[in-house]
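Chemist: Structure in structure tokens, see below.
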Amino acid sequence: MRCLLWLALSALALAQPNPDGVPPCAGMIPWGPSRYLVAHDLKVGEAGSRLGLISTQPHLAYQRLSVDWSKVGGEANDLESLAPVEGQPGHFLACESGYVKGQYGHLYWLSGQQSSVAVEARYAMPTGLTQEIEGLATLSLDDGNRWIVFLGGRGGRSEEPGRLYWGILDRGKKAIEWPKEGLQGVEIHLPRRLGPFARTLSDMYLDEQHRLFVSSCSTPSRLGPNRSLIFLAGSLHQNLKAPFHRATENQDVWWIDGCKIEGICPCDRPGYGPAYVTDDDELGGLWRAVPASPSLSY
């Protein structure tokens, strides 16, 4: 009888798709002390909120957020990334993965307070990008009304390098301009090989020193086995022709086996490095943070 009870409890534990109560997540940014705003890559026609809130104190908790999309005429399709608007507290950008049959392919300007979010504006992504977008970052320009917006291309399953694109968001003109250098972009290379199923860039964030951190993941199927890494890719600067400086030494790398990381951001806990969220398909999602000391350094 005890053996049967143990087997039943074990089967029940294995059947739980997301033991943390966190659904699969596609992007993440800090949103107050011990709070993180996360994106969900739901497609048009799929029910559910596109944004959620993870709280880590006093215990880990998740809640879906209602979002006011009325100013832009409808919900987003396949949100893959989030980024704070540098110098504008309470404002952030969200980005769809790209165009689908000539539709979607938008960047959204959002504002949020406590647990409510409103979409303030929508901008078109450039056409003709060669990669789907998984990462997003902003860098303020000197006038305080313009930002360089960086889009992180995911790369391909054959270990094709990810790609960093950029444009200039002018809030006064209500538009984003995409210079030819930004449309061409630059390659983002993995510091270590992840294998034939690697997604070179699954998210990215810019820290206060303007260092660019990137996550990568590999998954051969919807049941894994998954593996990921987070690494310091380089730094970003106010140079519209060549804003990315690749890290050539002291390149920190964190290895995380068993997870498919799709969102990263700074963690506010002392002694911790980047925080991350996962989209482990049928296995659900997780929120975790790596130690401040990297696994490897080159």
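Convention: chains lettered A, B, ... in structure tokens order; per-chain residue numbering from 1; ligands numbered from 1 as shown.
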Set out as a Markdown table a contact list for region 105-164 of chain A and region 70-89 of chain A with a cut-off of 6 Å, giving each residue of region 105-164 of chain A that qualifies its closest atom pair and distance in Å to one decimal, counting only C-alpha atoms, ordered by chain and rising residue number.
Modeler:
| residue | atom | partner | partner_atom | distance |
| --- | --- | --- | --- | --- |
| A:Glu134 | CA | A:Glu80 | CA | 5.3 |
| A:Gly135 | CA | A:Ser81 | CA | 5.3 |
| A:Leu136 | CA | A:Ala83 | CA | 5.7 |
| A:Ala137 | CA | A:Ala83 | CA | 5.2 |
| A:Thr138 | CA | A:Val85 | CA | 5.9 |
| A:Leu139 | CA | A:Glu86 | CA | 6.0 |
| A:Ser140 | CA | A:Glu86 | CA | 5.6 |
Chemist: Using only N, CA and C atoms, please write the residues we just selected to a file, as a PDB file, in the first residue's frame.
Modeler:
ATOM      1  N   GLU A 134      13.905  38.746 -30.505  1.00  0.00           N
ATOM      2  CA  GLU A 134      13.732  38.162 -29.173  1.00  0.00           C
ATOM      3  C   GLU A 134      14.250  39.062 -28.061  1.00  0.00           C
ATOM      4  N   GLY A 135      15.002  40.117 -28.403  1.00  0.00           N
ATOM      5  CA  GLY A 135      15.587  40.986 -27.390  1.00  0.00           C
ATOM      6  C   GLY A 135      15.328  42.452 -27.682  1.00  0.00           C
ATOM      7  N   LEU A 136      15.379  43.276 -26.625  1.00  0.00           N
ATOM      8  CA  LEU A 136      15.027  44.690 -26.743  1.00  0.00           C
ATOM      9  C   LEU A 136      15.802  45.476 -25.694  1.00  0.00           C
ATOM     10  N   ALA A 137      16.282  46.670 -26.063  1.00  0.00           N
ATOM     11  CA  ALA A 137      16.964  47.556 -25.113  1.00  0.00           C
ATOM     12  C   ALA A 137      16.838  48.986 -25.624  1.00  0.00           C
ATOM     13  N   THR A 138      16.969  49.963 -24.721  1.00  0.00           N
ATOM     14  CA  THR A 138      16.927  51.378 -25.104  1.00  0.00           C
ATOM     15  C   THR A 138      18.110  52.116 -24.491  1.00  0.00           C
ATOM     16  N   LEU A 139      18.572  53.120 -25.213  1.00  0.00           N
ATOM     17  CA  LEU A 139      19.653  53.983 -24.745  1.00  0.00           C
ATOM     18  C   LEU A 139      19.249  55.423 -25.032  1.00  0.00           C
ATOM     19  N   SER A 140      19.168  56.242 -23.974  1.00  0.00           N
ATOM     20  CA  SER A 140      18.711  57.616 -24.121  1.00  0.00           C
ATOM     21  C   SER A 140      19.752  58.469 -24.839  1.00  0.00           C
TER      22      SER A 140
END
Chemist: Using DSSP on the backbone, list every residue of region 39-125 of chain A that comes out as strand (DSSP E or B), and give them as a ChimeraX atom specification.
Modeler: /A:39,51-55,61-64,67-68,79-84,91-96,99-100,103-104,106-113,116-124
Chemist: Any idea what's packed within 8 Å of Ser297 (chain A), counting only C-alpha atoms, ignoring anything in its chain fewer than 2 positions away? Could you give it as a ChimeraX atom specification?
Modeler: /A:250-253,294-295
Chemist: Could you please determine the separation between CA of Asn145 (chain A) and CA of Val119 (chain A) in Å, to one decimal place?
Modeler: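 Pair CA of Asn145 (chain A) / CA of Val119 (chain A) returns 18.2 Å.
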Chemist: To one decimal place, how far is CA of Ser49 (chain A) from CA of Gln63 (chain A) in Å?
Modeler: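 So the two atoms, CA of Ser49 (chain A) and CA of Gln63 (chain A), lie 9.9 Å apart.
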